Amino acid sequence: MSLDVSPALLEQAERGEVDEAEFVDCVRTSLPYAWEMISSLVAQLKVDGGEFADNQTPPPDEQARGQLLRALASDAIRGALQRHFGVRLAFQNCHRVAVFPLDSSVDETLARFTSVRSQLLNQSPELRDC
């Protein structure tokens with residue numbers, strides 16, 4: 001799953017610095033499932049409050065799963081999304097995306113979520129091929 005980069009954005013990159021807002025828009029249009037997933041979790045966190053909001057429902061198809069993997073496996077994309085939404089992103093098992101506020105009061109919860117122990121406890125045979 002690659003980004004659909006416009007000629008104008010590619011030209012920016014070839015010249016040097018890229019406007020991050022334009023890059024984020026490229027991510028939004030190229031990876032709509034991932035964008036919607038993260039957007040909805042950010043909204044849920046704002047409405048419900050709490051230490052984090054997460055998704056535990058597998059993507060509907062491999063294309064959607066690929067979008068999540070692309071968005072969260074790329075340091076550039078992930079970092080731009082975190083800055084855009086003002087959250088920290090965490091990821092488990094190719095579908096369990098979580099958003100955490102930037103507030104340091106949730107650092108321990110984030111550390112638990114991203115720990116080796118949590119990764120192991122979040123395994124299941126149904127997710128073996130994801």
# chains A, B, ... in the order shown; residues from 1 in each chain; ligands from 1
call {"tool": "residues_around", "arguments": {"residues": "Asp19 of chain A", "least_positions_apart": "6", "cutoff": "10 Å", "atoms": "only C-alpha atoms", "output": "PDB file with N, CA and C atoms, in the first residue's frame"}}
result
ATOM      1  N   LEU A   9       3.128  17.565  -4.841  1.00  0.00           N
ATOM      2  CA  LEU A   9       3.748  17.167  -3.577  1.00  0.00           C
ATOM      3  C   LEU A   9       5.099  16.496  -3.841  1.00  0.00           C
ATOM      4  N   GLN A  12       7.554  19.183  -4.479  1.00  0.00           N
ATOM      5  CA  GLN A  12       7.990  19.794  -3.204  1.00  0.00           C
ATOM      6  C   GLN A  12       9.111  18.962  -2.586  1.00  0.00           C
ATOM      7  N   ALA A  13       8.888  17.652  -2.538  1.00  0.00           N
ATOM      8  CA  ALA A  13       9.874  16.754  -1.926  1.00  0.00           C
ATOM      9  C   ALA A  13      11.192  16.800  -2.674  1.00  0.00           C
TER      10      ALA A  13
END
call {"tool": "residues_around", "arguments": {"residues": "Gly79 of chain A", "least_positions_apart": "3", "cutoff": "12 Å", "atoms": "only C-alpha atoms", "output": "PyMOL selection string"}}
result
chain A and resi 20+23-24+27+71-76+82-90
call {"tool": "atom_distance", "arguments": {"atom1": "atom CA of Glu36 of chain A", "atom2": "atom CA of Val5 of chain A"}}
result
19.1 Å
call {"tool": "select_by_dssp", "arguments": {"residues": "segment 26-102 of chain A", "states": "strand (DSSP E or B)", "output": "ChimeraX atom specification"}}
result
/A:53-54,87-92,96-101
call {"tool": "write_last_selection", "arguments": {"atoms": "N, CA and C atoms", "output": "PDB file, in the first residue's frame"}}
result
ATOM      1  N   ALA A  53      -8.131   5.336  23.974  1.00  0.00           N
ATOM      2  CA  ALA A  53      -9.230   4.746  23.204  1.00  0.00           C
ATOM      3  C   ALA A  53      -8.590   3.780  22.222  1.00  0.00           C
ATOM      4  N   ASP A  54      -9.218   2.608  22.055  1.00  0.00           N
ATOM      5  CA  ASP A  54      -8.627   1.637  21.140  1.00  0.00           C
ATOM      6  C   ASP A  54      -9.688   0.897  20.341  1.00  0.00           C
ATOM      7  N   VAL A  87      -1.894  13.335  19.544  1.00  0.00           N
ATOM      8  CA  VAL A  87      -1.982  12.122  20.357  1.00  0.00           C
ATOM      9  C   VAL A  87      -0.723  11.288  20.147  1.00  0.00           C
ATOM     10  N   ARG A  88      -0.613  10.246  20.957  1.00  0.00           N
ATOM     11  CA  ARG A  88       0.400   9.218  20.739  1.00  0.00           C
ATOM     12  C   ARG A  88      -0.330   7.976  20.254  1.00  0.00           C
ATOM     13  N   LEU A  89       0.205   7.314  19.258  1.00  0.00           N
ATOM     14  CA  LEU A  89      -0.407   6.118  18.691  1.00  0.00           C
ATOM     15  C   LEU A  89       0.325   4.871  19.167  1.00  0.00           C
ATOM     16  N   ALA A  90      -0.431   3.835  19.413  1.00  0.00           N
ATOM     17  CA  ALA A  90       0.138   2.534  19.754  1.00  0.00           C
ATOM     18  C   ALA A  90      -0.562   1.498  18.881  1.00  0.00           C
ATOM     19  N   PHE A  91       0.095   0.363  18.658  1.00  0.00           N
ATOM     20  CA  PHE A  91      -0.393  -0.599  17.674  1.00  0.00           C
ATOM     21  C   PHE A  91      -0.047  -2.013  18.103  1.00  0.00           C
ATOM     22  N   GLN A  92      -1.034  -2.917  18.016  1.00  0.00           N
ATOM     23  CA  GLN A  92      -0.818  -4.338  18.303  1.00  0.00           C
ATOM     24  C   GLN A  92      -1.566  -5.170  17.267  1.00  0.00           C
ATOM     25  N   ARG A  96      -5.227  -3.660  16.275  1.00  0.00           N
ATOM     26  CA  ARG A  96      -5.530  -3.002  17.542  1.00  0.00           C
ATOM     27  C   ARG A  96      -4.744  -1.694  17.634  1.00  0.00           C
ATOM     28  N   VAL A  97      -5.397  -0.647  17.194  1.00  0.00           N
ATOM     29  CA  VAL A  97      -4.827   0.692  17.222  1.00  0.00           C
ATOM     30  C   VAL A  97      -5.347   1.387  18.476  1.00  0.00           C
ATOM     31  N   ALA A  98      -4.483   2.126  19.149  1.00  0.00           N
ATOM     32  CA  ALA A  98      -4.906   2.892  20.324  1.00  0.00           C
ATOM     33  C   ALA A  98      -4.347   4.301  20.224  1.00  0.00           C
ATOM     34  N   VAL A  99      -5.123   5.247  20.736  1.00  0.00           N
ATOM     35  CA  VAL A  99      -4.655   6.630  20.826  1.00  0.00           C
ATOM     36  C   VAL A  99      -4.586   7.009  22.297  1.00  0.00           C
ATOM     37  N   PHE A 100      -3.492   7.668  22.648  1.00  0.00           N
ATOM     38  CA  PHE A 100      -3.242   8.125  24.003  1.00  0.00           C
ATOM     39  C   PHE A 100      -3.043   9.629  23.967  1.00  0.00           C
ATOM     40  N   PRO A 101      -3.538  10.343  24.965  1.00  0.00           N
ATOM     41  CA  PRO A 101      -3.273  11.783  25.004  1.00  0.00           C
ATOM     42  C   PRO A 101      -1.780  12.034  25.227  1.00  0.00           C
TER      43      PRO A 101
END
call {"tool": "closest_residue", "arguments": {"among": "A:Ile77, A:His95, A:Thr57, A:Phe113", "to": "Ala21 of chain A", "atoms": "only C-alpha atoms"}}
result
A:Ile77
call {"tool": "closest_residue", "arguments": {"among": "A:Gln67, A:Leu3, A:Glu17, A:Leu102", "to": "Val42 of chain A", "atoms": "only C-alpha atoms"}}
result
A:Leu102
call {"tool": "residues_around", "arguments": {"residues": "Arg65 of chain A", "least_positions_apart": "4", "cutoff": "9 Å", "atoms": "only C-alpha atoms", "output": "ChimeraX atom specification"}}
result
/A:33-34,58-61,69-70,94-95,130
call {"tool": "atom_distance", "arguments": {"atom1": "atom CA of Leu10 of chain A", "atom2": "atom CA of Gly66 of chain A"}}
result
22.5 Å
call {"tool": "atom_distance", "arguments": {"atom1": "atom CA of Glu11 of chain A", "atom2": "atom CA of Leu81 of chain A"}}
result
21.8 Å
call {"tool": "select_by_dssp", "arguments": {"residues": "chain A", "states": "helix (DSSP H, G or I)", "output": "ChimeraX atom specification"}}
result
/A:7-15,20-30,32-48,62-73,75-85,104-113,116-121,125-127
call {"tool": "closest_residue", "arguments": {"among": "A:Asp25, A:Glu51, A:Ser39, A:Pro32", "to": "Ser104 of chain A", "atoms": "only C-alpha atoms"}}
result
A:Glu51
